[in-house]
Amino acid sequence: MPNAVDQLFAVQSAISKAEAEANRTKGSVTLVAVSKTFEADTIRPVIEAGQRVFGENRVQEAQLKWPYLRADFPDIELHLIGPLQSNKTQEAVALFDVIETVDREKIAATLSLEMKKQNRFPKLYVQVNTGAEPQKAGIEPKEVVAFVTRCRNVHGLIIEGLMCIPPVDENPGPHFALLEKIAREANVEKLSMGMSSDYEIAIGFGATSVRVGSAIFGSR
């Protein structure tokens, strides 16, 4: 049975192949290894194998394991890829290097205040609900450019990227294409899109980072 390190190397190889097929520069796509629900003991071998960028869904869960792992591996880059509640903003700013789920005005305002207070400035992505799914977080596609502009001009935030999670029962390609188009319109450089089932497709559409969990760590 393959272990997480073997799976990591397989995913890295698949990313390199997808970059080449899309005529992308080798190394232009960042692998975010999604370690949510996995214990530190499971994550540590993957770090020791060289992986340095990880994604977590929940602030509380990340607080239980990453301060200890970072004591041994201080060059870790940690991404929040799950919803951010406003009452967790203080902890999120203190812990994460990238917050990918800015999805409403209240969070933008709270992040702005908290980042200034802590003098710590995680990179920020706006989450886009490309499928306009009512149960899913994210800004509606037609509202993204205006929201990014408000984040910049009203709240003084630097929005580096956009993130999306396409509907599970649809072809992800059109969603990735839509996110790339919106990013150009909003003058945003980074695209976080693609997960274990579709990250190679996302690379073809311009993903600058892919969030891969089960293909590395196994099913939860």
# chains A, B, ... in the order shown; residues from 1 in each chain; ligands from 1
$ residues_around --residues "range 98-101 of chain A" --least-positions-apart "3" --cutoff "6 Å" --atoms "only C-alpha atoms" --output "list of chain:residue names"
A:His79, A:Leu80, A:Ile81, A:Pro83, A:Pro122, A:Lys123, A:Leu124, A:Tyr125, A:Val126, A:Gln127
$ residues_around --residues "Val32 in chain A" --least-positions-apart "2" --cutoff "8 Å" --atoms "only C-alpha atoms" --output "number ranges by chain"
A: 30, 34, 53-55, 79, 209-212
$ select_by_dssp --residues "range 16-196 of chain A" --states "alpha helix (DSSP H)" --output "PyMOL selection string"
chain A and resi 16-21+40-48+59-72+89-95+105-118+144-153+172-186
$ residues_around --residues "Ile15 in chain A" --least-positions-apart "5" --cutoff "9 Å" --atoms "only C-alpha atoms" --output "list of chain:residue names"
A:Ala10, A:Ala20, A:Lys26, A:Gly27, A:Val29, A:Leu31, A:Tyr199, A:Glu200, A:Ile203
$ write_last_selection --atoms "all heavy atoms" --output "compact mmCIF listing (two decimals), in the first residue's frame"
# COMPACT_ATOMS: atom_id res chain seq x y z
N ALA A 10 4.44 11.09 -6.46
CA ALA A 10 3.61 10.83 -7.65
C ALA A 10 2.85 12.09 -8.07
O ALA A 10 2.75 12.41 -9.26
CB ALA A 10 2.63 9.69 -7.35
N ALA A 20 4.32 20.77 -18.29
CA ALA A 20 4.95 20.62 -19.61
C ALA A 20 3.90 20.57 -20.71
O ALA A 20 4.04 21.21 -21.76
CB ALA A 20 5.81 19.35 -19.62
N LYS A 26 8.42 24.93 -15.72
CA LYS A 26 8.53 23.92 -14.67
C LYS A 26 8.66 24.61 -13.32
O LYS A 26 9.44 25.54 -13.15
CB LYS A 26 9.75 23.02 -14.92
CG LYS A 26 9.90 21.91 -13.89
CD LYS A 26 11.03 20.96 -14.26
CE LYS A 26 11.31 19.96 -13.15
NZ LYS A 26 10.15 19.16 -12.75
N GLY A 27 7.85 24.18 -12.35
CA GLY A 27 7.88 24.80 -11.03
C GLY A 27 6.99 26.02 -10.88
O GLY A 27 6.99 26.67 -9.84
N VAL A 29 3.77 25.98 -10.73
CA VAL A 29 2.57 25.63 -9.95
C VAL A 29 3.00 25.18 -8.55
O VAL A 29 3.84 24.28 -8.41
CB VAL A 29 1.77 24.51 -10.64
CG1 VAL A 29 0.55 24.13 -9.80
CG2 VAL A 29 1.34 24.96 -12.04
N LEU A 31 2.32 23.29 -5.11
CA LEU A 31 1.49 22.24 -4.52
C LEU A 31 1.18 22.59 -3.07
O LEU A 31 2.09 22.73 -2.24
CB LEU A 31 2.23 20.90 -4.58
CG LEU A 31 1.62 19.75 -3.77
CD1 LEU A 31 0.20 19.44 -4.23
CD2 LEU A 31 2.50 18.51 -3.86
N TYR A 199 -6.65 18.41 -10.47
CA TYR A 199 -5.58 19.42 -10.45
C TYR A 199 -4.81 19.51 -11.76
O TYR A 199 -4.35 20.59 -12.15
CB TYR A 199 -4.61 19.18 -9.27
CG TYR A 199 -3.80 17.92 -9.31
CD1 TYR A 199 -2.54 17.89 -9.90
CD2 TYR A 199 -4.27 16.74 -8.72
CE1 TYR A 199 -1.78 16.72 -9.92
CE2 TYR A 199 -3.52 15.58 -8.73
CZ TYR A 199 -2.28 15.57 -9.33
OH TYR A 199 -1.53 14.43 -9.35
N GLU A 200 -4.71 18.39 -12.49
CA GLU A 200 -4.00 18.44 -13.77
C GLU A 200 -4.78 19.27 -14.79
O GLU A 200 -4.18 20.01 -15.59
CB GLU A 200 -3.75 17.02 -14.30
CG GLU A 200 -2.77 16.24 -13.42
CD GLU A 200 -3.03 14.75 -13.42
OE1 GLU A 200 -4.11 14.33 -12.97
OE2 GLU A 200 -2.13 14.01 -13.85
N ILE A 203 -4.23 22.99 -13.99
CA ILE A 203 -2.93 23.51 -14.45
C ILE A 203 -3.03 23.95 -15.91
O ILE A 203 -2.47 24.98 -16.30
CB ILE A 203 -1.84 22.45 -14.23
CG1 ILE A 203 -1.57 22.28 -12.73
CG2 ILE A 203 -0.55 22.81 -14.98
CD1 ILE A 203 -0.72 21.08 -12.36
$ residues_around --residues "Lys116 in chain A" --least-positions-apart "3" --cutoff "12 Å" --atoms "only C-alpha atoms" --output "NGL selection string"
:A and (90 or 93-94 or 109-113 or 119-122 or 155-157)
$ closest_residue --among "A:Glu160, A:Glu105, A:Asp169, A:Asp72" --to "Arg44 in chain A" --atoms "only C-alpha atoms"
A:Asp72
$ residues_around --residues "Pro172 in chain A" --least-positions-apart "6" --cutoff "9 Å" --atoms "only C-alpha atoms" --output "tab-separated table (two decimals) with C-alpha atoms, in the first residue's frame"
chain	number	residue	atom	x	y	z
A	165	ILE	CA	-14.18	24.96	-5.69
A	166	PRO	CA	-16.22	23.86	-8.74
A	194	GLY	CA	-7.76	22.22	-8.69
A	198	ASP	CA	-8.86	17.64	-11.21
A	201	ILE	CA	-6.95	20.01	-15.61
A	202	ALA	CA	-6.61	23.16	-13.49
$ select_by_dssp --residues "range 66-134 of chain A" --states "strand (DSSP E)" --output "list in words"
Glu77, Leu78, His79, Leu80, Val98, Ile99, Glu100, Thr101, Val102, Lys123, Leu124, Tyr125, Val126, Gln127 and Val128 of chain A
$ residues_around --residues "Asp6 in chain A" --least-positions-apart "6" --cutoff "10 Å" --atoms "only C-alpha atoms" --output "ChimeraX atom specification"
/A:12,46,49,216-217
$ atom_distance --atom1 "CA of Met195 in chain A" --atom2 "CA of Leu162 in chain A"
14.7 Å
$ closest_residue --among "A:Asn3, A:Thr208, A:Val188, A:Asp41" --to "Thr25 in chain A" --atoms "only C-alpha atoms"
A:Thr208
$ closest_residue --among "A:Glu39, A:Glu56, A:Glu180, A:Glu61" --to "Val128 in chain A" --atoms "only C-alpha atoms"
A:Glu180
$ decode --residues "range 198-212 of chain A" --atoms "all heavy atoms" --output "short mmCIF file (atom, residue, chain, number, x, y, z; two decimals), in the first residue's frame"
data_model
loop_
_atom_site.label_atom_id
_atom_site.label_comp_id
_atom_site.auth_asym_id
_atom_site.auth_seq_id
_atom_site.Cartn_x
_atom_site.Cartn_y
_atom_site.Cartn_z
N ASP A 198 -8.88 16.83 -9.99
CA ASP A 198 -8.86 17.64 -11.21
C ASP A 198 -7.69 18.63 -11.29
O ASP A 198 -7.72 19.56 -12.08
CB ASP A 198 -10.19 18.40 -11.35
CG ASP A 198 -10.53 19.27 -10.14
OD1 ASP A 198 -9.62 19.61 -9.36
OD2 ASP A 198 -11.72 19.62 -9.98
N TYR A 199 -6.65 18.41 -10.47
CA TYR A 199 -5.58 19.42 -10.45
C TYR A 199 -4.81 19.51 -11.76
O TYR A 199 -4.35 20.59 -12.15
CB TYR A 199 -4.61 19.18 -9.27
CG TYR A 199 -3.80 17.92 -9.31
CD1 TYR A 199 -2.54 17.89 -9.90
CD2 TYR A 199 -4.27 16.74 -8.72
CE1 TYR A 199 -1.78 16.72 -9.92
CE2 TYR A 199 -3.52 15.58 -8.73
CZ TYR A 199 -2.28 15.57 -9.33
OH TYR A 199 -1.53 14.43 -9.35
N GLU A 200 -4.71 18.39 -12.49
CA GLU A 200 -4.00 18.44 -13.77
C GLU A 200 -4.78 19.27 -14.79
O GLU A 200 -4.18 20.01 -15.59
CB GLU A 200 -3.75 17.02 -14.30
CG GLU A 200 -2.77 16.24 -13.42
CD GLU A 200 -3.03 14.75 -13.42
OE1 GLU A 200 -4.11 14.33 -12.97
OE2 GLU A 200 -2.13 14.01 -13.85
N ILE A 201 -6.10 19.18 -14.73
CA ILE A 201 -6.95 20.01 -15.61
C ILE A 201 -6.75 21.48 -15.25
O ILE A 201 -6.59 22.34 -16.12
CB ILE A 201 -8.44 19.62 -15.45
CG1 ILE A 201 -8.66 18.16 -15.88
CG2 ILE A 201 -9.34 20.56 -16.25
CD1 ILE A 201 -10.02 17.60 -15.52
N ALA A 202 -6.75 21.78 -13.94
CA ALA A 202 -6.61 23.16 -13.49
C ALA A 202 -5.30 23.78 -13.96
O ALA A 202 -5.26 24.97 -14.32
CB ALA A 202 -6.70 23.23 -11.96
N ILE A 203 -4.23 22.99 -13.99
CA ILE A 203 -2.93 23.51 -14.45
C ILE A 203 -3.03 23.95 -15.91
O ILE A 203 -2.47 24.98 -16.30
CB ILE A 203 -1.84 22.45 -14.23
CG1 ILE A 203 -1.57 22.28 -12.73
CG2 ILE A 203 -0.55 22.81 -14.98
CD1 ILE A 203 -0.72 21.08 -12.36
N GLY A 204 -3.80 23.21 -16.70
CA GLY A 204 -4.00 23.60 -18.10
C GLY A 204 -4.74 24.91 -18.26
O GLY A 204 -4.61 25.59 -19.29
N PHE A 205 -5.51 25.28 -17.25
CA PHE A 205 -6.27 26.53 -17.28
C PHE A 205 -5.57 27.68 -16.53
O PHE A 205 -6.17 28.74 -16.34
CB PHE A 205 -7.67 26.31 -16.71
CG PHE A 205 -8.62 25.63 -17.67
CD1 PHE A 205 -8.82 24.26 -17.61
CD2 PHE A 205 -9.29 26.36 -18.64
CE1 PHE A 205 -9.68 23.62 -18.49
CE2 PHE A 205 -10.15 25.74 -19.53
CZ PHE A 205 -10.34 24.36 -19.46
N GLY A 206 -4.34 27.43 -16.09
CA GLY A 206 -3.57 28.54 -15.51
C GLY A 206 -3.45 28.57 -14.00
O GLY A 206 -3.01 29.57 -13.44
N ALA A 207 -3.82 27.48 -13.31
CA ALA A 207 -3.67 27.45 -11.85
C ALA A 207 -2.23 27.77 -11.46
O ALA A 207 -1.28 27.25 -12.05
CB ALA A 207 -4.05 26.08 -11.30
N THR A 208 -2.07 28.62 -10.45
CA THR A 208 -0.73 28.86 -9.91
C THR A 208 -0.50 28.04 -8.64
O THR A 208 0.63 27.86 -8.21
CB THR A 208 -0.50 30.35 -9.60
OG1 THR A 208 -1.52 30.81 -8.71
CG2 THR A 208 -0.54 31.18 -10.88
N SER A 209 -1.59 27.55 -8.04
CA SER A 209 -1.46 26.58 -6.94
C SER A 209 -2.62 25.60 -7.01
O SER A 209 -3.72 25.94 -7.46
CB SER A 209 -1.43 27.28 -5.58
OG SER A 209 -2.62 27.99 -5.33
N VAL A 210 -2.34 24.36 -6.59
CA VAL A 210 -3.36 23.32 -6.55
C VAL A 210 -3.41 22.76 -5.13
O VAL A 210 -2.39 22.68 -4.45
CB VAL A 210 -3.07 22.20 -7.58
CG1 VAL A 210 -3.21 22.73 -8.99
CG2 VAL A 210 -1.69 21.58 -7.38
N ARG A 211 -4.61 22.43 -4.67
CA ARG A 211 -4.83 21.99 -3.29
C ARG A 211 -5.13 20.49 -3.30
O ARG A 211 -6.23 20.07 -3.64
CB ARG A 211 -5.99 22.77 -2.68
CG ARG A 211 -5.87 24.29 -2.86
CD ARG A 211 -7.05 25.05 -2.25
NE ARG A 211 -8.34 24.61 -2.73
CZ ARG A 211 -8.92 25.05 -3.85
NH1 ARG A 211 -8.31 25.92 -4.63
NH2 ARG A 211 -10.12 24.61 -4.19
N VAL A 212 -4.12 19.69 -2.94
CA VAL A 212 -4.23 18.24 -3.09
C VAL A 212 -4.11 17.58 -1.71
O VAL A 212 -3.09 17.73 -1.04
CB VAL A 212 -3.14 17.71 -4.04
CG1 VAL A 212 -3.26 16.20 -4.19
CG2 VAL A 212 -3.25 18.40 -5.40
#
